[in-house]
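Structure file target_1.txt; described as compact mmCIF, C-alpha atoms and all ligand atoms.
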# COMPACT_ATOMS: atom_id res chain seq x y z
CA MET A 1 66.91 77.04 34.45
CA ASP A 2 67.06 80.13 32.25
CA GLY A 3 68.50 78.01 29.46
CA ALA A 4 65.56 75.56 29.69
CA TRP A 5 62.95 78.37 29.56
CA LEU A 6 64.69 79.89 26.60
CA LEU A 7 64.56 76.54 24.80
CA ILE A 8 60.83 76.14 25.59
CA GLY A 9 60.23 79.72 24.41
CA VAL A 10 61.97 79.03 21.13
CA LEU A 11 59.98 75.80 20.65
CA VAL A 12 56.65 77.55 21.35
CA ALA A 13 57.54 80.33 18.94
CA LEU A 14 58.38 77.71 16.33
CA LEU A 15 55.04 75.92 16.83
CA VAL A 16 53.09 79.17 16.63
CA GLY A 17 54.96 80.00 13.44
CA LEU A 18 54.18 76.59 11.95
CA ALA A 19 50.49 76.86 12.85
CA ALA A 20 50.28 80.32 11.34
CA GLY A 21 51.96 79.05 8.19
CA LYS A 22 49.54 76.11 7.93
CA ALA A 23 46.57 78.43 8.45
CA TRP A 24 47.88 80.77 5.78
CA GLU A 25 48.27 77.83 3.43
CA ARG A 26 44.75 76.65 4.19
CA TYR A 27 42.83 79.94 4.30
CA LYS A 28 42.97 82.56 1.65
CA LEU A 29 41.43 86.01 1.55
CA VAL A 30 39.04 85.98 -1.37
CA GLU A 31 37.12 89.16 -2.11
CA GLY A 32 37.13 90.30 1.51
CA SER A 33 36.30 86.93 3.15
CA TRP A 34 38.50 84.05 4.27
CA THR A 35 37.91 80.80 2.38
CA ASP A 36 39.14 77.36 3.34
CA ARG A 37 41.13 76.15 0.39
CA ARG A 38 41.01 72.57 1.66
CA ARG A 39 37.22 72.47 1.62
CA MET A 40 37.07 72.08 -2.13
CA ARG A 41 39.56 69.20 -2.20
CA GLN A 42 37.94 67.50 0.75
CA SER A 43 34.41 67.85 -0.60
CA PRO A 44 32.81 64.57 -1.69
CA HIS A 45 32.15 66.14 -5.11
CA PHE A 46 35.86 66.46 -5.82
CA ILE A 47 36.62 62.81 -4.96
CA LEU A 48 33.49 61.55 -6.76
CA GLY A 49 34.44 63.58 -9.80
CA LEU A 50 37.91 62.04 -9.84
CA ASN A 51 36.41 58.56 -9.46
CA HIS A 52 34.10 59.12 -12.43
CA LEU A 53 37.05 60.41 -14.41
CA VAL A 54 39.08 57.28 -13.66
CA ALA A 55 36.08 55.18 -14.76
CA GLY A 56 35.91 57.16 -18.00
CA GLN A 57 32.46 58.62 -17.21
CA VAL A 58 33.15 62.13 -18.42
CA ASP A 59 29.60 63.54 -18.05
CA LEU A 60 29.30 62.41 -14.42
CA ALA A 61 32.82 63.67 -13.69
CA ILE A 62 31.95 67.11 -15.08
CA ALA A 63 28.78 67.29 -12.97
CA GLU A 64 30.63 66.50 -9.71
CA LEU A 65 33.64 68.68 -10.46
CA GLU A 66 31.37 71.61 -11.30
CA LYS A 67 29.86 71.26 -7.80
CA ALA A 68 33.34 71.11 -6.25
CA ALA A 69 34.39 74.18 -8.23
CA ALA A 70 31.36 76.08 -6.91
CA ILE A 71 32.74 75.65 -3.37
CA ASP A 72 35.94 77.45 -4.29
CA PRO A 73 35.51 79.63 -7.38
CA ASN A 74 39.20 80.44 -7.12
CA ALA A 75 40.46 76.93 -7.76
CA ILE A 76 42.13 77.68 -11.08
CA GLU A 77 43.37 74.16 -11.71
CA LEU A 78 39.85 72.76 -11.37
CA ARG A 79 38.40 75.17 -13.94
CA LEU A 80 41.35 74.32 -16.19
CA VAL A 81 40.53 70.62 -15.95
CA LEU A 82 36.82 71.28 -16.49
CA GLY A 83 37.62 73.18 -19.66
CA ASN A 84 39.74 70.24 -20.83
CA LEU A 85 36.89 67.83 -20.09
CA TYR A 86 34.49 69.92 -22.20
CA ARG A 87 37.04 69.78 -25.01
CA GLU A 88 37.37 66.00 -24.72
CA LYS A 89 33.58 65.77 -24.91
CA GLY A 90 33.76 67.66 -28.17
CA GLN A 91 32.36 70.94 -26.77
CA VAL A 92 35.27 72.95 -28.13
CA GLY A 93 33.45 76.31 -27.95
CA ARG A 94 32.69 75.80 -24.26
CA ALA A 95 36.30 74.77 -23.59
CA ILE A 96 37.64 77.85 -25.36
CA GLN A 97 35.30 80.04 -23.31
CA GLU A 98 36.37 78.43 -20.01
CA HIS A 99 40.04 78.92 -20.73
CA GLN A 100 39.62 82.45 -22.07
CA VAL A 101 37.77 83.45 -18.89
CA LEU A 102 40.62 82.00 -16.82
CA LEU A 103 43.15 84.03 -18.77
CA GLN A 104 41.28 87.23 -17.94
CA ARG A 105 41.64 86.66 -14.20
CA PRO A 106 43.84 89.19 -12.43
CA ARG A 107 46.91 88.07 -10.49
CA LEU A 108 47.60 84.87 -12.45
CA ASN A 109 51.19 83.86 -11.90
CA ARG A 110 53.45 83.03 -14.85
CA ILE A 111 52.95 79.24 -14.61
CA GLU A 112 49.16 79.52 -14.23
CA HIS A 113 49.05 81.83 -17.22
CA ALA A 114 51.16 79.41 -19.29
CA ASN A 115 49.03 76.41 -18.26
CA ALA A 116 45.78 78.13 -19.23
CA LEU A 117 47.31 79.13 -22.56
CA VAL A 118 48.43 75.56 -23.26
CA CYS A 119 44.85 74.39 -22.64
CA LEU A 120 43.48 77.11 -24.90
CA GLY A 121 45.97 76.10 -27.59
CA LEU A 122 44.75 72.51 -27.31
CA ASP A 123 41.14 73.73 -27.69
CA TYR A 124 42.06 75.64 -30.84
CA ARG A 125 43.96 72.66 -32.21
CA ARG A 126 40.99 70.39 -31.56
CA GLY A 127 38.66 72.91 -33.19
CA GLY A 128 40.90 73.11 -36.26
CA PHE A 129 41.92 76.75 -35.68
CA VAL A 130 45.51 76.11 -36.68
CA ASP A 131 46.81 79.68 -36.69
CA ARG A 132 45.26 80.53 -33.34
CA ALA A 133 46.60 77.28 -31.84
CA MET A 134 50.09 78.07 -33.14
CA SER A 135 50.08 81.57 -31.71
CA ALA A 136 48.77 80.29 -28.34
CA PHE A 137 51.64 77.79 -28.08
CA SER A 138 54.16 80.43 -29.21
CA GLU A 139 52.86 82.75 -26.51
CA VAL A 140 53.29 79.98 -23.92
CA LEU A 141 56.92 79.66 -24.97
CA LYS A 142 57.46 83.38 -24.41
CA LEU A 143 56.25 82.91 -20.82
CA ASP A 144 57.93 79.57 -20.29
CA PRO A 145 60.57 78.77 -22.95
CA GLU A 146 60.95 75.16 -21.75
CA ASN A 147 57.24 74.27 -21.76
CA GLU A 148 57.33 70.77 -23.29
CA ALA A 149 53.55 70.52 -23.84
CA ALA A 150 53.64 73.70 -25.94
CA LEU A 151 56.69 72.53 -27.90
CA VAL A 152 55.25 69.07 -28.62
CA ASN A 153 51.95 70.53 -29.83
CA LEU A 154 53.68 73.20 -31.87
CA GLU A 155 55.81 70.51 -33.50
CA LYS A 156 52.76 68.44 -34.44
CA LEU A 157 51.01 71.49 -35.89
CA GLN A 158 54.11 72.35 -37.92
CA GLU A 159 54.26 68.77 -39.18
CA ASP A 160 50.58 68.89 -40.14
CA GLN A 161 51.34 72.04 -42.15
CA HIS A 162 54.41 70.38 -43.73
CA GLN A 163 56.58 73.09 -42.17
CA TRP A 164 59.36 70.51 -41.78
CA GLN A 165 62.15 73.02 -41.14
CA GLU A 166 60.20 74.71 -38.33
CA ALA A 167 59.26 71.33 -36.87
CA TYR A 168 62.95 70.41 -36.98
CA VAL A 169 63.91 73.46 -34.92
CA THR A 170 61.13 72.73 -32.43
CA ARG A 171 62.25 69.11 -32.04
CA GLN A 172 65.84 70.29 -31.48
CA ARG A 173 64.61 72.47 -28.60
CA LEU A 174 62.71 69.50 -27.16
CA ALA A 175 65.79 67.30 -27.45
CA GLN A 176 67.85 69.89 -25.63
CA ILE A 177 65.33 70.16 -22.79
CA ALA A 178 64.84 66.40 -22.42
CA GLY A 179 68.57 65.73 -22.22
CA PRO A 180 70.34 62.42 -22.86
CA PRO A 181 67.64 59.88 -21.78
CA ASN A 182 65.27 60.93 -24.54
CA GLN A 183 67.98 61.58 -27.13
CA PRO A 184 67.48 58.45 -29.28
CA LYS A 185 63.75 59.17 -29.76
CA SER A 186 64.46 62.78 -30.74
CA GLN A 187 67.27 61.67 -33.06
CA SER A 188 64.83 59.38 -34.81
CA ILE A 189 62.19 62.11 -35.19
CA LEU A 190 64.82 64.54 -36.47
CA ALA A 191 65.87 61.91 -38.99
CA PHE A 192 62.30 61.54 -40.29
CA LEU A 193 62.04 65.32 -40.54
CA GLU A 194 65.33 65.45 -42.50
CA ASN A 195 63.85 62.81 -44.80
CA GLU A 196 60.77 64.99 -45.38
CA LEU A 197 63.03 67.97 -46.14
CA GLY A 198 64.84 65.76 -48.63
CA LEU A 199 61.56 64.82 -50.33
CA GLN A 200 60.67 68.50 -50.54
CA ALA A 201 64.01 69.14 -52.24
CA VAL A 202 63.33 66.29 -54.70
CA GLN A 203 59.98 67.85 -55.61
CA GLN A 204 61.73 71.14 -56.29
CA GLY A 205 64.34 69.41 -58.44
CA ARG A 206 67.23 70.12 -56.06
CA LEU A 207 68.73 66.62 -56.21
CA ALA A 208 72.13 67.31 -54.63
CA ASP A 209 70.44 69.10 -51.74
CA ALA A 210 68.00 66.21 -51.39
CA ALA A 211 70.82 63.66 -51.28
CA ARG A 212 72.52 65.64 -48.50
CA ARG A 213 69.26 65.66 -46.52
CA PHE A 214 68.80 61.91 -46.87
CA GLU A 215 72.42 61.30 -45.86
CA ALA A 216 71.92 63.54 -42.83
CA ALA A 217 68.79 61.56 -41.91
CA ILE A 218 70.73 58.28 -42.01
CA GLU A 219 73.51 59.88 -39.97
CA LEU A 220 70.96 60.90 -37.31
CA ASP A 221 69.32 57.48 -37.13
CA LYS A 222 70.50 54.61 -39.27
CA ALA A 223 67.13 52.84 -38.93
CA VAL A 224 65.24 55.48 -40.93
CA ILE A 225 64.55 53.26 -43.94
CA PRO A 226 62.70 55.75 -46.20
CA ALA A 227 65.89 57.86 -46.29
CA TYR A 228 67.80 54.91 -47.84
CA LEU A 229 65.06 54.30 -50.39
CA ASN A 230 64.90 57.98 -51.33
CA LEU A 231 68.68 58.40 -51.40
CA GLY A 232 68.90 55.44 -53.79
CA ASP A 233 66.15 56.96 -55.98
CA VAL A 234 68.07 60.25 -56.13
CA LYS A 235 71.32 58.47 -57.01
CA LEU A 236 69.42 56.64 -59.75
CA GLN A 237 68.12 59.95 -61.12
CA GLN A 238 71.67 61.32 -61.00
CA GLY A 239 72.82 58.34 -63.08
CA ASP A 240 74.76 56.67 -60.25
CA LEU A 241 73.28 53.16 -60.54
CA PRO A 242 75.98 51.31 -58.51
CA GLY A 243 75.60 53.97 -55.79
CA ALA A 244 71.83 53.41 -55.71
CA VAL A 245 72.27 49.64 -55.47
CA ALA A 246 74.81 50.04 -52.65
CA ILE A 247 72.53 52.25 -50.56
CA TRP A 248 69.50 49.95 -51.03
CA GLU A 249 71.61 46.95 -50.02
CA GLN A 250 72.79 48.88 -46.99
CA SER A 251 69.17 49.40 -45.88
CA ILE A 252 68.61 45.61 -46.02
CA ASP A 253 71.62 45.08 -43.74
CA VAL A 254 70.19 47.59 -41.26
CA THR A 255 66.63 46.21 -41.13
CA PRO A 256 66.25 42.91 -42.99
CA ASP A 257 62.53 42.74 -42.11
CA ARG A 258 61.91 45.80 -44.32
CA ALA A 259 64.00 44.37 -47.17
CA TYR A 260 60.93 43.92 -49.36
CA LEU A 261 60.76 47.71 -49.80
CA THR A 262 63.95 47.59 -51.87
CA LEU A 263 63.29 44.40 -53.87
CA ASP A 264 61.28 46.10 -56.62
CA ARG A 265 64.06 48.63 -56.97
CA LEU A 266 66.94 46.15 -56.84
CA GLU A 267 65.59 43.65 -59.39
CA PRO A 268 65.82 45.93 -62.48
CA ALA A 269 68.93 47.66 -61.09
CA TYR A 270 70.87 44.36 -60.85
CA ALA A 271 69.85 43.54 -64.41
CA ARG A 272 71.08 46.92 -65.63
CA ILE A 273 74.51 46.60 -63.98
CA GLY A 274 74.85 43.07 -65.39
CA ALA A 275 74.55 41.35 -62.03
CA GLU A 276 71.25 39.52 -62.51
CA PRO A 277 72.07 36.45 -60.35
CA ARG A 278 72.49 38.71 -57.32
CA PHE A 279 68.71 39.14 -57.09
CA GLY A 280 68.10 35.42 -56.62
CA GLU A 281 70.96 35.22 -54.12
CA LEU A 282 69.55 38.13 -52.15
CA CYS A 283 66.03 36.65 -52.01
CA ARG A 284 67.36 33.24 -50.94
CA LYS A 285 69.45 34.87 -48.23
CA LEU A 286 66.38 36.74 -46.93
CA ILE A 287 64.24 33.59 -46.98
CA ALA A 288 66.90 31.62 -45.11
CA ALA A 289 67.27 34.36 -42.50
CA SER A 290 63.54 34.69 -41.86
CA PRO A 291 61.55 31.56 -42.78
CA ARG A 292 58.25 33.48 -42.83
CA GLU A 293 59.48 36.02 -45.37
CA TRP A 294 56.65 35.81 -47.91
CA ARG A 295 57.53 38.91 -49.90
CA ALA A 296 61.03 37.69 -50.80
CA ARG A 297 59.44 34.40 -51.93
CA THR A 298 56.87 36.22 -54.07
CA ALA A 299 59.56 38.46 -55.56
CA LEU A 300 61.83 35.50 -56.31
CA ALA A 301 58.87 33.60 -57.82
CA ARG A 302 58.12 36.46 -60.20
CA HIS A 303 61.81 36.61 -61.10
CA LEU A 304 61.94 32.86 -61.79
CA GLN A 305 58.75 32.93 -63.84
CA LEU A 306 60.12 35.72 -66.02
CA GLN A 307 63.22 33.57 -66.55
CA GLY A 308 61.02 30.67 -67.68
CA HIS A 309 60.84 28.52 -64.52
CA PRO A 310 57.10 28.52 -63.66
CA SER A 311 57.18 25.26 -61.64
CA ARG A 312 59.91 26.54 -59.32
CA ALA A 313 58.05 29.82 -59.06
CA LEU A 314 54.87 28.01 -58.05
CA GLU A 315 56.64 26.13 -55.23
CA LEU A 316 57.83 29.43 -53.78
CA LEU A 317 54.37 30.97 -54.11
CA PHE A 318 52.78 28.03 -52.27
CA GLU A 319 55.30 28.56 -49.45
CA ALA A 320 54.52 32.26 -49.40
CA LEU A 321 50.79 31.51 -49.29
CA GLU A 322 51.18 29.36 -46.17
CA HIS A 323 52.60 32.38 -44.40
CA ASN A 324 50.19 35.00 -45.71
CA PRO A 325 46.98 33.62 -47.22
CA HIS A 326 45.38 37.10 -47.15
CA ALA A 327 47.80 38.63 -49.65
CA LEU A 328 45.91 39.08 -52.89
CA ALA A 329 49.22 39.55 -54.71
CA ILE A 330 50.20 35.94 -53.97
CA HIS A 331 46.88 34.55 -55.20
CA GLN A 332 47.15 36.58 -58.39
CA ALA A 333 50.71 35.36 -58.96
CA ILE A 334 49.62 31.76 -58.33
CA TRP A 335 46.74 31.94 -60.84
CA ASN A 336 49.02 33.60 -63.32
CA THR A 337 51.56 30.79 -62.99
CA LEU A 338 48.88 28.08 -62.90
CA SER A 339 47.42 29.27 -66.18
CA GLU A 340 50.88 29.38 -67.71
CA LEU A 341 51.20 25.72 -66.71
CA ASP A 342 47.72 25.08 -68.21
CA LEU A 343 45.96 24.41 -64.86
CA PRO A 344 47.25 20.93 -63.98
CA ARG A 345 44.46 19.35 -61.90
CA HIS A 346 46.66 17.99 -59.04
CA VAL A 347 48.45 21.36 -58.60
CA VAL A 348 45.14 23.24 -58.42
CA ALA A 349 43.99 20.75 -55.76
CA ARG A 350 47.16 21.44 -53.79
CA TYR A 351 46.51 25.16 -53.98
CA ILE A 352 43.03 24.72 -52.52
CA GLU A 353 44.37 22.47 -49.75
CA ILE A 354 47.05 25.01 -48.75
CA THR A 355 44.60 27.91 -48.55
CA ARG A 356 42.36 25.78 -46.31
CA GLN A 357 45.12 25.03 -43.80
CA SER A 358 46.84 28.37 -43.84
CA VAL A 359 47.83 30.48 -40.93
CA PHE A 360 45.76 33.62 -40.80
CA TYR A 361 47.20 37.08 -40.90
CA LEU A 362 45.59 40.44 -40.60
CA ASP A 363 46.94 42.21 -43.61
CA PRO A 364 46.69 45.82 -42.44
CA HIS A 365 49.52 47.51 -40.64
CA VAL A 366 48.79 48.65 -37.12
CA CYS A 367 50.21 51.55 -35.09
CA MET A 368 51.91 50.24 -31.95
CA ARG A 369 51.01 53.40 -30.08
CA CYS A 370 47.32 53.99 -30.81
CA ARG A 371 46.42 50.82 -32.80
CA TYR A 372 45.34 52.82 -35.83
CA ARG A 373 45.05 50.47 -38.82
CA SER A 374 46.26 51.08 -42.31
CA THR A 375 46.35 48.90 -45.42
CA GLU A 376 49.76 50.28 -46.33
CA LEU A 377 52.93 50.84 -44.36
CA LEU A 378 53.03 54.45 -43.11
CA TRP A 379 56.03 56.18 -41.60
CA GLN A 380 53.95 58.64 -39.56
CA CYS A 381 50.68 57.66 -37.92
CA PRO A 382 47.81 59.87 -39.17
CA HIS A 383 45.99 59.34 -35.89
CA CYS A 384 48.54 59.81 -33.08
CA HIS A 385 51.15 61.48 -35.34
CA GLU A 386 53.96 59.34 -33.96
CA TRP A 387 56.84 58.37 -36.25
CA ASN A 388 57.77 54.80 -37.19
CA THR A 389 55.18 52.93 -35.12
CA PHE A 390 53.62 50.63 -37.74
CA VAL A 391 54.01 46.87 -37.64
CA GLU A 392 52.18 44.07 -39.39
CA GLU A 393 49.88 42.24 -37.06
CA ARG A 394 49.24 38.56 -37.27
CA ILE A 395 46.27 37.01 -35.49
CA THR A 396 45.11 33.45 -34.67
CA PRO A 397 47.98 31.21 -35.72
CA ALA A 398 46.12 28.11 -36.89
CA THR A 399 48.71 25.47 -37.58
CA ASP A 400 51.80 26.59 -35.71
CA THR A 401 52.27 27.69 -32.14
CA GLU A 402 55.03 30.24 -32.56
CA SER A 403 53.64 33.71 -32.03
CA GLU A 404 54.70 36.39 -34.42
CA ILE A 405 52.90 39.27 -32.76
CA PRO A 406 55.62 41.90 -32.38
CA ALA A 407 56.86 42.50 -28.86
CA GLY A 408 55.60 46.09 -28.91
CA LEU A 409 52.00 44.97 -29.42
CA ALA A 410 52.03 42.22 -26.82
CA HIS A 411 51.91 44.64 -23.91
ZN ZN B 1 49.19 55.98 -33.98
Write-out of the structure in structure tokens:
Amino acid sequence: MDGAWLLIGVLVALLVGLAAGKAWERYKLVEGSWTDRRRMRQSPHFILGLNHLVAGQVDLAIAELEKAAAIDPNAIELRLVLGNLYREKGQVGRAIQEHQVLLQRPRLNRIEHANALVCLGLDYRRGGFVDRAMSAFSEVLKLDPENEAALVNLEKLQEDQHQWQEAYVTRQRLAQIAGPPNQPKSQSILAFLENELGLQAVQQGRLADAARRFEAAIELDKAVIPAYLNLGDVKLQQGDLPGAVAIWEQSIDVTPDRAYLTLDRLEPAYARIGAEPRFGELCRKLIAASPREWRARTALARHLQLQGHPSRALELLFEALEHNPHALAIHQAIWNTLSELDLPRHVVARYIEITRQSVFYLDPHVCMRCRYRSTELLWQCPHCHEWNTFVEERITPATDTESEIPAGLAH
């Protein structure tokens, strides 16, 4: 019997302990009085505020969350979020004030302190106070060296300031923290940063140093095309023409869909090394590999026209036009060739017919991440600051059914 009573006693003690623990978790002594910490979360204002937030109604969300925060003035995370909402609304001064007040609270733990500082850093960044933002994020890293939000924001600020070397170090820290799953993305960013360091070296006339940077970029991520272009340009400046040609050709092997970036460089280079026919061969190979390749057709057409074959050039330009009727360059080349042929009436009629039936493209490049549009191909998005996210978007295919919208944009 004694054994059974002992067991019951132990169980009761356990239950009392659990209840006390729960009560401690729920109630907190705030300025001399016990407050129920669950009341704030269970208040209708909190849930309503979250619902408004999900619906994107920021003003209504702020109104409800302010009421919820009034129930428990100690709910740090709620004031943190409110500050962030003011920032998103564009009230940067108000956001800064909210977060500064939070930072002055006594008894903040290390994580709370770091979180409030991250938010303050974001306020400063939004307000354009670059130096203050940088020092806020640096301070976060002193409290919490592995704070990814602080590192990512610091990296973007350093990139904005063209502090490529500092950004490189920051990205290395991020790569280390993220571990293997995120390694390829970091490798690619590091490669773009190496490329920027190379460009900086070119500007300062340090060509050998620049070449090493570009080589390092390719080593980090072989898909970083600007590094090939720039490395070739440096080799050209150093008088190594065959080396330049080799590196440009290598970039075409890596990403044939960006081959057009090297065509303008390769055409005169082939001529100078006495290998003129290679340009035609290259363009034909690109056209065969990707039937929609309009730039290789335009480049080959120009090449043929210069060699005195305007009719063959015109055929290629008409093909190119079917694939990209928006490209002004094609129309200009066509009119140029047409006038060289003295505007034969039936060929002009064909031109008009092709433009009428053409598939329509949107010429601008679009960022796959934030859908920012640009008329030229950019390697870093000026809006979301992501690297290598631009693709060419094609809308409303008129005559053919095959979709060419890149996979990344489809979802
Ligand atoms: Zn973007």
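Distances to A:Gln176 were evaluated for A:Glu148, A:Glu98, A:Asp233, A:Glu196 using all atoms listed in the file, and the minimum falls at A:Glu148.
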List every residue of chain A that has an atom at most 9 Å from any atom of ligand ZN 1 (chain B), and for each one report the closest atom pair and its distance in Å to one decimal, counting all atoms listed in the file, with rows sorted by chain and then by increasing residue number, as CSV.
residue,atom,partner,partner_atom,distance
A:Val366,CA,B:ZN1,ZN,8.0
A:Cys367,CA,B:ZN1,ZN,4.7
A:Met368,CA,B:ZN1,ZN,6.7
A:Arg369,CA,B:ZN1,ZN,5.0
A:Cys370,CA,B:ZN1,ZN,4.2
A:Arg371,CA,B:ZN1,ZN,6.0
A:Tyr372,CA,B:ZN1,ZN,5.3
A:Arg373,CA,B:ZN1,ZN,8.4
A:Gln380,CA,B:ZN1,ZN,7.8
A:Cys381,CA,B:ZN1,ZN,4.5
A:Pro382,CA,B:ZN1,ZN,6.6
A:His383,CA,B:ZN1,ZN,5.0
A:Cys384,CA,B:ZN1,ZN,4.0
A:His385,CA,B:ZN1,ZN,6.0
A:Glu386,CA,B:ZN1,ZN,5.8
A:Trp387,CA,B:ZN1,ZN,8.3
A:Thr389,CA,B:ZN1,ZN,6.8
A:Phe390,CA,B:ZN1,ZN,7.9
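Among the candidate residues A:Ile111, A:Ala149, A:Leu143, A:Leu341, the one lying nearest to A:Gly308 is A:Leu341, with distances computed using all atoms listed in the file.
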Would you give the centre and edge lengths, in Å to one decimal, of a box along x, y and z around the listed atoms of stretch 78-88 of chain A, with 6 Å added to each side, as JSON?
{"center_x": 37.9, "center_y": 70.6, "center_z": -18.2, "size_x": 18.9, "size_y": 21.2, "size_z": 25.6}
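One distance worth recording is that between atom CA of A:His331 and atom CA of A:Leu317, which is 8.4 Å.
Ranking A:Ile252, A:Ala227, A:Arg94, A:His309 by their shortest atom-to-atom distance to A:Leu282, with only C-alpha atoms included, puts A:Ile252 first.
Distance-wise, atom CA of A:Glu64 and atom CA of A:Gln104 end up 24.7 Å apart.
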- Query: In Å, with one decimal, what is the gap from atom CA of A:Gln161 to atom CA of A:Val224?
  - Reply: 21.7 Å
